[in-house]
Amino acid sequence: MKALKYILFFAIPALLLNCGVYSLSGVDIGEAKTFQVNYFQNNAILVEPGLDRDFTIALQDLILNQTNLDLVTSNGDLVYEGEITEYRISPTTATANNTAAQNRLTIGVKVRFYNKNKEDEDFDRNFSFFYDFAGSSQLSGSTKDTAFAEIFERITQDIINASLANW
């Protein structure tokens, strides 16, 4: 029992110190102190009002919640920019009457990421995700809110993983 106390006494601080700049969420901000998220313009063929603003805010909020970086409007150590490239509703299954039994909302985003301290980590990538809903319902109200929340959560987390989870 005494040996276990010594092991824990020395092992836990060593593990915590070796984690360096990694946070409990798994992100590595390196030497960065600030980040900026430029406005993600909606360039999709089908334009949904407010989608660009809501996505930009969702990405800012996730970075604020998962890091200790400060949000700035210019000259950020980490810069996220891009555009919404896809907003599409399509049927995924049909009924015997040739109507949609289920629809799918797909949102795609092109992201350019710049890290002023580690330029080799810069990237230009596409991210997308979808939400399925009943063909008998319209994409409005709470269905739309739920769809956007789920899609934004997935896409923004994928962006954070691609830019800051470099294990």
# chains A, B, ... in the order shown; residues from 1 in each chain; ligands from 1
call {"tool": "closest_atom_pairs", "arguments": {"of": "segment 23-58 of chain A", "to": "segment 139-155 of chain A", "cutoff": "12 Å", "atoms": "only C-alpha atoms", "output": "tab-separated table"}}
result
residue	atom	partner	partner_atom	distance
A:Glu48	CA	A:Lys144	CA	10.9
A:Gly50	CA	A:Phe148	CA	11.1
A:Leu51	CA	A:Phe148	CA	8.6
A:Asp52	CA	A:Phe152	CA	11.1
A:Arg53	CA	A:Phe152	CA	11.9
A:Asp54	CA	A:Phe148	CA	8.8
A:Phe55	CA	A:Phe152	CA	6.6
A:Thr56	CA	A:Phe152	CA	9.7
A:Ile57	CA	A:Phe152	CA	10.0
A:Ala58	CA	A:Phe152	CA	6.7
call {"tool": "select_by_dssp", "arguments": {"residues": "segment 50-141 of chain A", "states": "strand (DSSP E or B)", "output": "ChimeraX atom specification"}}
result
/A:70-71,78-94,100-115,123-134
call {"tool": "write_last_selection", "arguments": {"atoms": "C-alpha atoms", "output": "compact mmCIF listing (two decimals), in the first residue's frame"}}
result
# COMPACT_ATOMS: atom_id res chain seq x y z
CA ASP A 70 -8.68 34.84 -26.73
CA LEU A 71 -10.95 35.77 -29.64
CA LEU A 78 -4.72 31.03 -35.39
CA VAL A 79 -7.00 32.10 -38.24
CA TYR A 80 -10.07 30.27 -39.51
CA GLU A 81 -11.74 31.44 -42.69
CA GLY A 82 -13.77 29.99 -45.50
CA GLU A 83 -17.25 29.70 -46.88
CA ILE A 84 -20.36 27.58 -46.77
CA THR A 85 -20.25 25.66 -50.03
CA GLU A 86 -23.23 23.35 -49.71
CA TYR A 87 -26.75 23.58 -48.34
CA ARG A 88 -28.85 20.82 -49.84
CA ILE A 89 -32.04 18.98 -48.99
CA SER A 90 -32.49 15.68 -50.78
CA PRO A 91 -34.73 12.63 -50.37
CA THR A 92 -32.98 9.56 -48.98
CA THR A 93 -35.82 7.01 -49.07
CA ALA A 94 -39.14 6.88 -50.90
CA ALA A 100 -40.00 11.07 -49.75
CA ALA A 101 -40.17 8.98 -46.61
CA GLN A 102 -37.04 10.65 -45.31
CA ASN A 103 -35.09 13.77 -46.31
CA ARG A 104 -31.49 14.69 -45.67
CA LEU A 105 -30.11 18.17 -45.04
CA THR A 106 -26.42 18.36 -45.92
CA ILE A 107 -24.22 21.34 -45.10
CA GLY A 108 -20.68 21.62 -46.43
CA VAL A 109 -18.00 24.12 -45.44
CA LYS A 110 -14.62 24.92 -46.98
CA VAL A 111 -12.11 25.96 -44.29
CA ARG A 112 -8.72 27.59 -44.61
CA PHE A 113 -6.72 27.40 -41.38
CA TYR A 114 -3.54 29.38 -40.72
CA ASN A 115 -1.25 28.92 -37.72
CA PHE A 123 -4.66 23.58 -44.37
CA ASP A 124 -7.43 24.13 -46.89
CA ARG A 125 -10.10 21.43 -46.44
CA ASN A 126 -13.77 20.66 -46.90
CA PHE A 127 -15.99 19.49 -44.05
CA SER A 128 -19.61 18.36 -44.24
CA PHE A 129 -22.27 16.61 -42.26
CA PHE A 130 -25.96 15.80 -42.59
CA TYR A 131 -29.19 15.51 -40.65
CA ASP A 132 -32.04 13.17 -41.64
CA PHE A 133 -35.66 14.13 -40.98
CA ALA A 134 -39.08 12.74 -41.85
call {"tool": "closest_residue", "arguments": {"among": "A:Ala162, A:Leu59, A:Val72, A:Leu64", "to": "Gln36 of chain A", "atoms": "only C-alpha atoms"}}
result
A:Val72
call {"tool": "select_by_dssp", "arguments": {"residues": "segment 62-98 of chain A", "states": "alpha helix (DSSP H)", "output": "PyMOL selection string"}}
result
chain A and resi 62-66
call {"tool": "atom_distance", "arguments": {"atom1": "atom CA of Pro49 of chain A", "atom2": "atom CA of Gln157 of chain A"}}
result
22.9 Å
call {"tool": "atom_distance", "arguments": {"atom1": "atom CA of Thr67 of chain A", "atom2": "atom CA of Lys118 of chain A"}}
result
17.4 Å
call {"tool": "closest_residue", "arguments": {"among": "A:Ile29, A:Gln138, A:Asp77, A:Ile160", "to": "Ile63 of chain A", "atoms": "only C-alpha atoms"}}
result
A:Ile160
call {"tool": "atom_distance", "arguments": {"atom1": "atom CA of Gln60 of chain A", "atom2": "atom CA of Asp28 of chain A"}}
result
16.6 Å
